[in-house]
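Peer 1: One file is attached below, query.cif, containing mmCIF, C-alpha atoms.
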data_start
#
loop_
_atom_site.label_atom_id
_atom_site.label_comp_id
_atom_site.auth_asym_id
_atom_site.auth_seq_id
_atom_site.Cartn_x
_atom_site.Cartn_y
_atom_site.Cartn_z
CA MET C 1 -6.63 -30.39 39.31
CA TYR C 2 -7.66 -33.98 39.89
CA ALA C 3 -4.23 -35.15 38.76
CA GLN C 4 -2.46 -33.15 41.48
CA THR C 5 -0.40 -35.00 44.07
CA PHE C 6 -1.46 -32.31 46.57
CA THR C 7 -5.18 -32.73 47.21
CA ASP C 8 -6.15 -30.09 49.80
CA TRP C 9 -7.36 -27.53 47.27
CA GLU C 10 -10.44 -25.62 46.12
CA VAL C 11 -11.25 -24.53 42.56
CA VAL C 12 -13.20 -21.52 41.35
CA PHE C 13 -14.19 -21.60 37.67
CA PHE C 14 -14.79 -18.28 35.94
CA LEU C 15 -17.06 -18.82 32.94
CA ASP C 16 -16.79 -15.64 30.92
CA ALA C 17 -19.63 -15.50 28.38
CA SER C 18 -19.07 -19.24 27.93
CA PRO C 19 -21.34 -21.33 25.66
CA PRO C 20 -24.27 -22.91 27.54
CA ASP C 21 -22.95 -26.43 26.97
CA ARG C 22 -19.61 -25.49 28.59
CA VAL C 23 -21.42 -24.04 31.61
CA GLU C 24 -23.56 -27.15 32.00
CA HIS C 25 -20.48 -29.35 31.68
CA ILE C 26 -18.75 -27.55 34.55
CA LYS C 27 -21.90 -27.70 36.68
CA LYS C 28 -21.83 -31.49 36.42
CA ILE C 29 -18.67 -31.70 38.54
CA ASP C 30 -19.73 -33.35 41.78
CA ASP C 31 -17.26 -32.01 44.35
CA PRO C 32 -17.82 -29.55 47.23
CA ARG C 33 -14.34 -28.13 46.61
CA VAL C 34 -15.49 -26.79 43.23
CA SER C 35 -17.44 -23.57 42.70
CA TYR C 36 -18.04 -21.38 39.68
CA VAL C 37 -18.90 -17.86 38.62
CA VAL C 38 -20.92 -17.38 35.44
CA ASN C 39 -20.68 -14.03 33.61
CA ASP C 40 -23.08 -13.20 30.78
CA THR C 41 -20.55 -10.78 29.30
CA ARG C 42 -16.79 -10.87 29.03
CA ARG C 43 -15.18 -9.33 32.10
CA GLY C 44 -11.55 -10.09 31.29
CA ILE C 45 -8.75 -11.83 33.12
CA GLY C 46 -8.04 -8.88 35.41
CA SER C 47 -11.56 -8.92 36.78
CA HIS C 48 -11.44 -12.69 37.30
CA LEU C 49 -8.16 -12.70 39.15
CA ASN C 50 -9.16 -9.84 41.41
CA ARG C 51 -12.43 -11.56 42.25
CA LEU C 52 -10.62 -14.84 42.80
CA ALA C 53 -8.38 -13.15 45.37
CA SER C 54 -11.43 -11.79 47.20
CA MET C 55 -13.28 -15.14 47.13
CA ALA C 56 -10.46 -17.56 47.87
CA ARG C 57 -10.56 -19.35 51.21
CA GLY C 58 -7.16 -20.97 50.84
CA GLU C 59 -3.86 -19.46 51.89
CA TYR C 60 -2.30 -19.58 48.41
CA ILE C 61 -3.48 -18.98 44.85
CA ALA C 62 -2.36 -20.68 41.64
CA ILE C 63 -3.86 -19.97 38.21
CA LEU C 64 -4.99 -22.32 35.43
CA ALA C 65 -6.41 -21.19 32.09
CA ALA C 66 -9.15 -23.35 30.60
CA ASP C 67 -7.11 -24.70 27.68
CA ASP C 68 -3.92 -25.38 29.63
CA ALA C 69 -2.71 -27.97 32.15
CA TRP C 70 -0.52 -28.26 35.22
CA THR C 71 2.15 -30.84 35.87
CA PRO C 72 0.76 -33.28 38.48
CA ASP C 73 3.27 -32.13 41.10
CA ARG C 74 2.89 -28.39 40.55
CA LEU C 75 1.23 -27.57 43.87
CA THR C 76 3.45 -29.96 45.80
CA VAL C 77 6.65 -28.50 44.34
CA GLN C 78 5.71 -24.86 44.75
CA LEU C 79 4.22 -25.24 48.22
CA GLN C 80 7.34 -27.02 49.40
CA ARG C 81 9.27 -23.78 48.79
CA LEU C 82 6.52 -21.32 49.70
CA THR C 83 6.02 -22.83 53.17
CA GLN C 84 9.67 -22.47 54.13
CA GLU C 85 10.68 -19.76 56.60
CA ASP C 86 12.63 -17.79 53.98
CA ALA C 87 9.99 -18.20 51.27
CA PRO C 88 9.67 -15.50 48.59
CA ASP C 89 6.46 -13.54 48.11
CA VAL C 90 6.02 -15.07 44.66
CA LEU C 91 7.26 -18.37 43.23
CA ALA C 92 7.02 -19.04 39.51
CA GLY C 93 8.25 -21.84 37.26
CA GLN C 94 8.87 -22.92 33.69
CA MET C 95 6.37 -23.72 30.92
CA ILE C 96 6.08 -26.20 28.07
CA ILE C 97 4.29 -25.11 24.89
CA ILE C 98 1.68 -27.51 23.50
CA SER C 99 -0.46 -27.24 20.36
CA ASP C 100 -4.25 -27.37 20.06
CA SER C 101 -3.93 -31.13 19.63
CA LYS C 102 -1.93 -31.34 22.91
CA THR C 103 1.29 -32.11 21.10
CA VAL C 104 4.45 -30.95 22.85
CA GLU C 105 6.14 -28.27 20.73
CA GLY C 106 8.99 -27.15 22.97
CA ALA C 107 9.81 -25.12 26.06
CA GLN C 108 8.71 -21.55 26.57
CA LYS C 109 11.70 -19.19 26.67
CA ALA C 110 13.10 -19.60 30.19
CA ALA C 111 11.47 -17.45 32.86
CA HIS C 112 13.81 -15.23 34.83
CA VAL C 113 13.82 -12.42 37.37
CA PRO C 114 15.18 -9.23 35.73
CA ASP C 115 18.09 -7.40 37.32
CA ASP C 116 16.29 -4.07 37.23
CA ALA C 117 12.98 -2.37 36.45
CA ARG C 118 13.81 -2.12 32.75
CA GLY C 119 13.46 -5.87 32.38
CA TRP C 120 9.93 -5.78 33.74
CA VAL C 121 8.88 -2.94 31.43
CA ALA C 122 10.53 -4.28 28.27
CA GLY C 123 8.87 -7.69 28.47
CA THR C 124 7.04 -10.23 30.57
CA PRO C 125 9.88 -12.31 32.02
CA ILE C 126 7.58 -14.64 33.92
CA SER C 127 4.07 -15.88 33.24
CA HIS C 128 1.41 -15.12 35.82
CA ALA C 129 0.02 -18.58 35.05
CA THR C 130 3.08 -20.22 36.64
CA ALA C 131 3.20 -17.82 39.59
CA MET C 132 1.97 -18.88 43.01
CA ALA C 133 1.69 -16.62 46.03
CA ARG C 134 -0.29 -16.07 49.19
CA THR C 135 -3.87 -14.96 48.70
CA ALA C 136 -3.10 -11.86 50.78
CA TRP C 137 -0.33 -10.91 48.35
CA PHE C 138 -2.72 -11.05 45.38
CA ARG C 139 -5.22 -8.95 47.31
CA ASP C 140 -2.53 -6.33 47.91
CA HIS C 141 -1.55 -6.36 44.20
CA PRO C 142 -4.74 -6.17 42.10
CA TYR C 143 -4.84 -6.35 38.31
CA ASP C 144 -5.88 -3.33 36.24
CA GLU C 145 -9.38 -4.35 35.09
CA SER C 146 -9.53 -1.57 32.51
CA LEU C 147 -6.91 -3.22 30.29
CA ILE C 148 -7.99 -5.37 27.35
CA ARG C 149 -4.56 -6.90 26.73
CA ALA C 150 -1.12 -6.98 28.38
CA GLN C 151 -2.67 -7.11 31.85
CA ASP C 152 0.12 -9.36 33.09
CA ARG C 153 2.85 -6.93 31.97
CA ALA C 154 1.15 -4.05 33.76
CA PHE C 155 0.70 -6.27 36.80
CA TRP C 156 4.36 -7.28 37.07
CA ILE C 157 5.68 -3.76 36.42
CA GLU C 158 3.94 -2.68 39.60
CA ALA C 159 3.88 -5.89 41.65
CA HIS C 160 7.63 -6.56 41.45
CA VAL C 161 8.33 -3.38 43.41
CA GLY C 162 8.87 -4.34 47.03
CA SER C 163 8.20 -8.05 46.37
CA THR C 164 10.61 -10.98 46.52
CA ILE C 165 10.24 -13.20 43.46
CA GLU C 166 11.90 -16.53 42.69
CA ILE C 167 11.82 -18.80 39.64
CA LEU C 168 11.99 -22.57 39.86
CA PRO C 169 13.89 -24.52 37.20
CA ASP C 170 11.02 -27.05 37.26
CA VAL C 171 8.33 -27.19 34.59
CA VAL C 172 4.99 -26.59 36.30
CA TYR C 173 2.70 -25.60 33.43
CA TYR C 174 1.63 -26.72 29.96
CA TYR C 175 0.60 -23.69 27.91
CA ARG C 176 -1.57 -24.28 24.86
CA VAL C 177 -0.72 -22.06 21.89
CA PRO C 178 -2.73 -22.59 18.67
CA LYS C 179 -0.96 -23.06 15.34
CA PRO C 180 -0.43 -21.14 13.23
CA LEU C 181 -0.02 -17.91 15.15
CA SER C 182 -1.67 -14.89 13.57
CA TYR C 183 0.49 -11.86 12.85
CA LYS C 184 -2.65 -9.73 13.08
CA LYS C 185 -3.20 -10.95 16.64
CA TYR C 186 0.48 -10.42 17.43
CA ALA C 187 0.29 -6.84 16.13
CA TRP C 188 -2.83 -6.15 18.16
CA SER C 189 -1.17 -7.47 21.31
CA SER C 190 1.95 -5.39 20.61
CA LYS C 191 -0.17 -2.27 20.28
CA TYR C 192 -1.68 -2.79 23.73
CA ALA C 193 1.69 -3.74 25.19
CA ARG C 194 3.04 -0.35 24.12
CA ARG C 195 0.15 1.38 25.86
CA VAL C 196 1.14 -0.44 29.04
CA ILE C 197 4.80 0.41 28.51
CA TRP C 198 3.96 4.09 28.28
CA LYS C 199 1.40 4.21 31.09
CA TYR C 200 3.08 1.94 33.62
CA GLY C 201 6.71 2.17 32.60
CA ARG C 202 6.98 5.80 33.67
CA ARG C 203 6.07 4.76 37.21
CA VAL C 204 9.37 2.88 37.58
CA LEU C 205 11.63 4.39 34.87
CA SER C 206 12.46 7.81 33.46
CA THR C 207 10.56 9.02 30.40
CA PRO C 208 13.63 8.71 28.10
CA GLN C 209 14.11 5.10 29.20
CA VAL C 210 10.47 4.32 28.49
CA MET C 211 10.63 6.02 25.09
CA LYS C 212 13.55 3.80 24.15
CA ILE C 213 11.69 0.63 25.15
CA TYR C 214 8.62 1.86 23.25
CA ALA C 215 10.70 2.42 20.11
CA GLU C 216 12.29 -1.02 20.46
CA SER C 217 8.81 -2.55 20.51
CA VAL C 218 7.88 -0.77 17.28
CA VAL C 219 11.07 -1.97 15.57
CA LYS C 220 10.54 -5.52 16.83
CA GLN C 221 7.02 -5.58 15.41
CA ALA C 222 8.31 -4.38 12.03
CA ILE C 223 10.96 -7.12 11.97
CA VAL C 224 8.38 -9.77 12.84
CA ALA C 225 6.13 -8.44 10.06
CA LEU C 226 8.94 -8.82 7.53
CA THR C 227 9.90 -12.32 8.67
CA THR C 228 6.33 -13.59 8.50
CA ILE C 229 5.63 -12.35 4.97
CA GLY C 230 4.84 -15.17 2.57
CA GLY C 231 3.42 -17.74 4.94
CA GLY C 232 6.00 -17.43 7.64
CA SER C 233 3.56 -17.90 10.49
CA SER C 234 5.54 -20.92 11.69
CA LYS C 235 8.49 -18.57 12.32
CA LEU C 236 6.28 -16.46 14.54
CA TYR C 237 5.26 -19.59 16.43
CA TYR C 238 8.69 -21.07 16.97
CA ARG C 239 10.44 -17.80 17.86
CA ARG C 240 8.91 -18.21 21.32
CA VAL C 241 9.89 -21.87 21.71
CA ASP C 242 13.15 -23.51 22.77
CA PRO C 243 13.74 -27.06 21.49
CA LEU C 244 13.52 -30.12 23.72
CA THR C 245 15.32 -33.44 23.40
CA PRO C 246 13.33 -36.43 22.11
CA GLU C 247 13.41 -37.87 25.62
CA GLU C 248 12.02 -34.66 27.13
CA ILE C 249 9.27 -34.49 24.52
CA ALA C 250 8.27 -38.10 25.19
CA ARG C 251 8.23 -37.55 28.96
CA HIS C 252 6.06 -34.44 28.81
CA GLN C 253 3.77 -36.00 26.19
CA ARG C 254 3.23 -38.94 28.53
CA ILE C 255 2.43 -36.63 31.44
CA ILE C 256 -0.11 -34.66 29.37
CA GLU C 257 -1.83 -37.86 28.28
CA GLU C 258 -1.96 -39.14 31.87
CA VAL C 259 -3.43 -35.85 33.09
CA GLY C 260 -6.04 -36.04 30.32
CA ARG C 261 -7.15 -39.47 31.50
CA THR C 262 -7.72 -38.35 35.09
CA GLU C 263 -11.29 -38.97 36.22
CA VAL C 264 -13.41 -36.03 37.33
CA PRO C 265 -16.40 -36.77 39.59
CA GLY C 266 -19.61 -36.16 37.70
CA TRP C 267 -18.02 -36.36 34.25
CA ASP C 268 -18.12 -39.33 31.93
CA ALA C 269 -14.76 -41.03 31.42
CA GLY C 270 -12.71 -39.30 28.73
CA SER C 271 -14.64 -36.01 28.78
CA GLU C 272 -12.86 -32.70 29.46
#
Could the structure of this file be written out as structure tokens, please?
Peer 2:
Amino acid sequence: MYAQTFTDWEVVFFLDASPPDRVEHIKKIDDPRVSYVVNDTRRGIGSHLNRLASMARGEYIAILAADDAWTPDRLTVQLQRLTQEDAPDVLAGQMIIISDSKTVEGAQKAAHVPDDARGWVAGTPISHATAMARTAWFRDHPYDESLIRAQDRAFWIEAHVGSTIEILPDVVYYYRVPKPLSYKKYAWSSKYARRVIWKYGRRVLSTPQVMKIYAESVVKQAIVALTTIGGGSSKLYYRRVDPLTPEEIARHQRIIEEVGRTEVPGWDAGSE
């Protein structure tokens, strides 16, 4: 946040069963624009985002996960469009994938707005982490707090109905994905995604259409299982990444390093 070119912001940290040292580290931030909510038990992302919408004093909301980063001009770029007279309800952007060591790995598969409801049920075409919208819009479109996984897919299946959504070509987010990816975790996520497909998909599609998407998910998981046999976890990782040119990698690596060096009031230099 402190690297943003737009500075009229507030931050709410949600510390979900976080280690005591992490909580104390956040509490050291000396800035009246920063507040935090400490939960002794895990409440989940849906609960956090719904509470954020109810607490926020600003006109717009943007999301940042603890291990990720924004491009320094994210708020400036998105607000420039969102404050225009013909602004969409939601404005999202593109993401760069980085490793645990903050090394640029490539671009996330390009975000897009599907032509019909099937596209929203069959996948998650945009990341909620890159989406920015008015606080009132998020209040009118709450997350399902009962879901353990695939909350964003359920959210977009419902929220896209009656909403105008645009995607910027600009990269606005650096998404940290650990290497190697676990097939077990992928399978677990796929299982919950199918629950969402069945529960929420039938609200916008016919049952036969949903059954087809459900079956496609099962087949896809089987194919991924076969391709990752014998230490093929790198295939699972890079199937979600588009390559970048050496120049693009160098530029984004430089930005990430500059963001990491940004001073935070109350923190020692170099801490994060």
Peer 1: Could you tell me, as a list in words, exactly which residues end up selected when the PyMOL selection byres ((chain C and resi 187) around 12) is applied to this structure?
Peer 2: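 Evaluating the PyMOL selection byres ((chain C and resi 187) around 12) on this file yields Arg149, Leu181, Ser182, Tyr183, Lys184, Lys185, Tyr186, Trp188, Ser189, Ser190, Lys191, Tyr192, Ala193, Arg194, Ser217, Val218, Val219, Lys220, Gln221, Ala222, Ile223, Val224, Ala225, Thr228 and Leu236 of chain C.
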Peer 1: Need the shell around Ala136 (chain C): protein/DNA/RNA residues with any atom at most 9 Å away, counting all atoms listed in the file. Skip same-chain ones fewer than 4 positions apart. Format as a ChimeraX atom specification?
Peer 2: /C:53,59-60,140-141
Peer 1: So what does the PyMOL selection byres ((chain C and resi 118-121) around 12) actually pick up in this one, as number ranges by chain?
Peer 2: C: 111-117, 122-127, 150, 152-161, 193-214, 216-217
Peer 1: Export, as a compact mmCIF listing (two decimals), in the coordinates of the input, the selected residues with C-alpha atoms.
Peer 2:
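Output below, filename out06.txt:
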# COMPACT_ATOMS: atom_id res chain seq x y z
CA ALA C 111 11.47 -17.45 32.86
CA HIS C 112 13.81 -15.23 34.83
CA VAL C 113 13.82 -12.42 37.37
CA PRO C 114 15.18 -9.23 35.73
CA ASP C 115 18.09 -7.40 37.32
CA ASP C 116 16.29 -4.07 37.23
CA ALA C 117 12.98 -2.37 36.45
CA ALA C 122 10.53 -4.28 28.27
CA GLY C 123 8.87 -7.69 28.47
CA THR C 124 7.04 -10.23 30.57
CA PRO C 125 9.88 -12.31 32.02
CA ILE C 126 7.58 -14.64 33.92
CA SER C 127 4.07 -15.88 33.24
CA ALA C 150 -1.12 -6.98 28.38
CA ASP C 152 0.12 -9.36 33.09
CA ARG C 153 2.85 -6.93 31.97
CA ALA C 154 1.15 -4.05 33.76
CA PHE C 155 0.70 -6.27 36.80
CA TRP C 156 4.36 -7.28 37.07
CA ILE C 157 5.68 -3.76 36.42
CA GLU C 158 3.94 -2.68 39.60
CA ALA C 159 3.88 -5.89 41.65
CA HIS C 160 7.63 -6.56 41.45
CA VAL C 161 8.33 -3.38 43.41
CA ALA C 193 1.69 -3.74 25.19
CA ARG C 194 3.04 -0.35 24.12
CA ARG C 195 0.15 1.38 25.86
CA VAL C 196 1.14 -0.44 29.04
CA ILE C 197 4.80 0.41 28.51
CA TRP C 198 3.96 4.09 28.28
CA LYS C 199 1.40 4.21 31.09
CA TYR C 200 3.08 1.94 33.62
CA GLY C 201 6.71 2.17 32.60
CA ARG C 202 6.98 5.80 33.67
CA ARG C 203 6.07 4.76 37.21
CA VAL C 204 9.37 2.88 37.58
CA LEU C 205 11.63 4.39 34.87
CA SER C 206 12.46 7.81 33.46
CA THR C 207 10.56 9.02 30.40
CA PRO C 208 13.63 8.71 28.10
CA GLN C 209 14.11 5.10 29.20
CA VAL C 210 10.47 4.32 28.49
CA MET C 211 10.63 6.02 25.09
CA LYS C 212 13.55 3.80 24.15
CA ILE C 213 11.69 0.63 25.15
CA TYR C 214 8.62 1.86 23.25
CA GLU C 216 12.29 -1.02 20.46
CA SER C 217 8.81 -2.55 20.51
Peer 1: List the residues selected by the PyMOL selection byres ((chain C and resi 108) around 10) in the file shown, writing them as a list in words.
Peer 2: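 For this structure, the PyMOL selection byres ((chain C and resi 108) around 10) captures Gln94, Met95, Ile96, Ile97, Ile98, Glu105, Gly106, Ala107, Lys109, Ala110, Ala111, Ser127, Val171, Tyr173, Tyr174, Tyr175, Tyr238, Arg239, Arg240, Val241, Asp242 and Pro243 of chain C.
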Peer 1: State, in Å with one decimal place, the distance from CA of Val34 (chain C) to CA of Ser146 (chain C).
Peer 2: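 Between these atoms lies a distance of 28.0 Å.
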Peer 1: From the options C:Val264, C:Ile45, C:Ala250, C:Ile29, which residue's atoms come nearest to Leu147 (chain C), counting all atoms listed in the file?
Peer 2: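 Residue with the minimum atom-to-atom distance to Leu147 (chain C): C:Ile45.
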Peer 1: Which of these residues is nearest to Asp89 (chain C), using all atoms listed in the file: C:Ala62, C:Ile148, C:Ile165, C:Ala17?
Peer 2: C:Ile165
Peer 1: Counting all atoms listed in the file, what is within 12 Å of Glu257 (chain C), bar same-chain residues fewer than 2 positions away, as an MDAnalysis selection string?
Peer 2: chainID C and resid 3 69:72 98 101:104 174 250:255 259:262 270
Peer 1: Please, what distance in Å, to one decimal, runs between CA of Asp100 (chain C) and CA of Leu79 (chain C)?
Peer 2: 29.5 Å
Peer 1: With only C-alpha atoms as the atoms that count, which of C:Ala133, C:Ile256, C:Val23, C:Leu168 lies nearest to Ile63 (chain C)?
Peer 2: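 Of all the options, C:Ala133 lies closest to Ile63 (chain C).
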Peer 1: To one decimal place in Å, what is the distance between CA of His128 (chain C) and CA of Leu91 (chain C)?
Peer 2: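 If I compute the distance from CA of His128 (chain C) to CA of Leu91 (chain C), I get 10.0 Å.
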Peer 1: May I ask which of the residues C:Tyr143, C:Trp9, C:Trp137, C:Trp267 is the closest one to Thr76 (chain C), counting all atoms listed in the file?
Peer 2: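 The closest residue to Thr76 (chain C) is C:Trp9.
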Peer 1: Between C:Met132, C:Glu145, C:Arg139, C:Val12, which one has atoms that come closest to Gly44 (chain C), using all atoms listed in the file?
Peer 2: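 Nearest to Gly44 (chain C): C:Glu145.
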Peer 1: I'd like the contact shell of region 35-42 of chain C - 10 Å cut-off, all atoms listed in the file, skipping same-chain residues fewer than 2 positions apart - returned as a list in words.
Peer 2: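 Returned residues: Glu10, Val11, Val12, Phe13, Phe14, Leu15, Asp16, Ala17, Ser18, Pro19, Val23, Ile26, Lys27, Ile29, Asp31, Pro32, Arg33, Gly44, Ile45, Ser47, His48, Arg51 and Leu52 of chain C.
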Peer 1: Hey, what's within 12 Å of Gln80 (chain C) if we count all atoms listed in the file and toss same-chain stuff fewer than 5 positions away? As a PyMOL selection string, please?
Peer 2: chain C and resi 6+73-75+85-88+91+132+168
Peer 1: How would region 30-62 of chain C look with N, CA and C atoms restored, written as a CSV table (one decimal), in the frame of the given file?
Peer 2:
chain,number,residue,atom,x,y,z
C,30,ASP,N,-19.1,-33.0,40.5
C,30,ASP,CA,-19.7,-33.4,41.8
C,30,ASP,C,-18.6,-33.3,42.9
C,31,ASP,N,-18.3,-32.1,43.4
C,31,ASP,CA,-17.3,-32.0,44.4
C,31,ASP,C,-17.5,-30.7,45.1
C,32,PRO,N,-17.6,-30.8,46.4
C,32,PRO,CA,-17.8,-29.6,47.2
C,32,PRO,C,-16.7,-28.6,47.2
C,33,ARG,N,-15.5,-29.0,46.7
C,33,ARG,CA,-14.3,-28.1,46.6
C,33,ARG,C,-14.4,-27.2,45.4
C,34,VAL,N,-15.4,-27.5,44.5
C,34,VAL,CA,-15.5,-26.8,43.2
C,34,VAL,C,-16.7,-25.8,43.3
C,35,SER,N,-16.4,-24.6,42.9
C,35,SER,CA,-17.4,-23.6,42.7
C,35,SER,C,-17.2,-22.9,41.4
C,36,TYR,N,-18.2,-22.1,41.0
C,36,TYR,CA,-18.0,-21.4,39.7
C,36,TYR,C,-18.8,-20.1,39.7
C,37,VAL,N,-18.3,-19.2,38.8
C,37,VAL,CA,-18.9,-17.9,38.6
C,37,VAL,C,-19.2,-17.7,37.1
C,38,VAL,N,-20.5,-17.5,36.8
C,38,VAL,CA,-20.9,-17.4,35.4
C,38,VAL,C,-21.2,-15.9,35.1
C,39,ASN,N,-20.5,-15.4,34.1
C,39,ASN,CA,-20.7,-14.0,33.6
C,39,ASN,C,-21.4,-14.1,32.2
C,40,ASP,N,-22.4,-13.3,32.1
C,40,ASP,CA,-23.1,-13.2,30.8
C,40,ASP,C,-22.3,-12.4,29.7
C,41,THR,N,-21.4,-11.5,30.2
C,41,THR,CA,-20.6,-10.8,29.3
C,41,THR,C,-19.1,-11.0,29.7
C,42,ARG,N,-18.2,-10.7,28.8
C,42,ARG,CA,-16.8,-10.9,29.0
C,42,ARG,C,-16.3,-9.8,30.0
C,43,ARG,N,-15.7,-10.2,31.1
C,43,ARG,CA,-15.2,-9.3,32.1
C,43,ARG,C,-13.7,-9.2,32.0
C,44,GLY,N,-13.0,-10.2,31.4
C,44,GLY,CA,-11.6,-10.1,31.3
C,44,GLY,C,-10.8,-10.7,32.4
C,45,ILE,N,-9.6,-11.1,32.2
C,45,ILE,CA,-8.8,-11.8,33.1
C,45,ILE,C,-8.5,-11.0,34.4
C,46,GLY,N,-8.3,-9.7,34.2
C,46,GLY,CA,-8.0,-8.9,35.4
C,46,GLY,C,-9.2,-8.9,36.4
C,47,SER,N,-10.4,-8.9,35.9
C,47,SER,CA,-11.6,-8.9,36.8
C,47,SER,C,-11.6,-10.3,37.5
C,48,HIS,N,-11.4,-11.3,36.7
C,48,HIS,CA,-11.4,-12.7,37.3
C,48,HIS,C,-10.4,-12.9,38.4
C,49,LEU,N,-9.2,-12.5,38.2
C,49,LEU,CA,-8.2,-12.7,39.2
C,49,LEU,C,-8.4,-11.9,40.4
C,50,ASN,N,-8.9,-10.7,40.2
C,50,ASN,CA,-9.2,-9.8,41.4
C,50,ASN,C,-10.3,-10.4,42.2
C,51,ARG,N,-11.3,-11.0,41.5
C,51,ARG,CA,-12.4,-11.6,42.2
C,51,ARG,C,-12.0,-12.9,42.9
C,52,LEU,N,-11.1,-13.6,42.2
C,52,LEU,CA,-10.6,-14.8,42.8
C,52,LEU,C,-9.9,-14.5,44.1
C,53,ALA,N,-9.1,-13.5,44.2
C,53,ALA,CA,-8.4,-13.2,45.4
C,53,ALA,C,-9.3,-12.8,46.5
C,54,SER,N,-10.5,-12.2,46.2
C,54,SER,CA,-11.4,-11.8,47.2
C,54,SER,C,-12.3,-13.0,47.7
C,55,MET,N,-12.4,-14.0,46.8
C,55,MET,CA,-13.3,-15.1,47.1
C,55,MET,C,-12.5,-16.3,47.8
C,56,ALA,N,-11.2,-16.4,47.5
C,56,ALA,CA,-10.5,-17.6,47.9
C,56,ALA,C,-10.4,-17.8,49.4
C,57,ARG,N,-10.6,-19.0,49.8
C,57,ARG,CA,-10.6,-19.4,51.2
C,57,ARG,C,-9.2,-19.9,51.6
C,58,GLY,N,-8.5,-20.4,50.6
C,58,GLY,CA,-7.2,-21.0,50.8
C,58,GLY,C,-6.1,-19.9,51.1
C,59,GLU,N,-4.9,-20.4,51.6
C,59,GLU,CA,-3.9,-19.5,51.9
C,59,GLU,C,-3.1,-19.0,50.7
C,60,TYR,N,-3.1,-19.9,49.6
C,60,TYR,CA,-2.3,-19.6,48.4
C,60,TYR,C,-3.2,-19.6,47.2
C,61,ILE,N,-2.8,-19.0,46.1
C,61,ILE,CA,-3.5,-19.0,44.8
C,61,ILE,C,-2.5,-19.4,43.7
C,62,ALA,N,-3.0,-20.3,42.9
C,62,ALA,CA,-2.4,-20.7,41.6
C,62,ALA,C,-3.4,-20.6,40.5
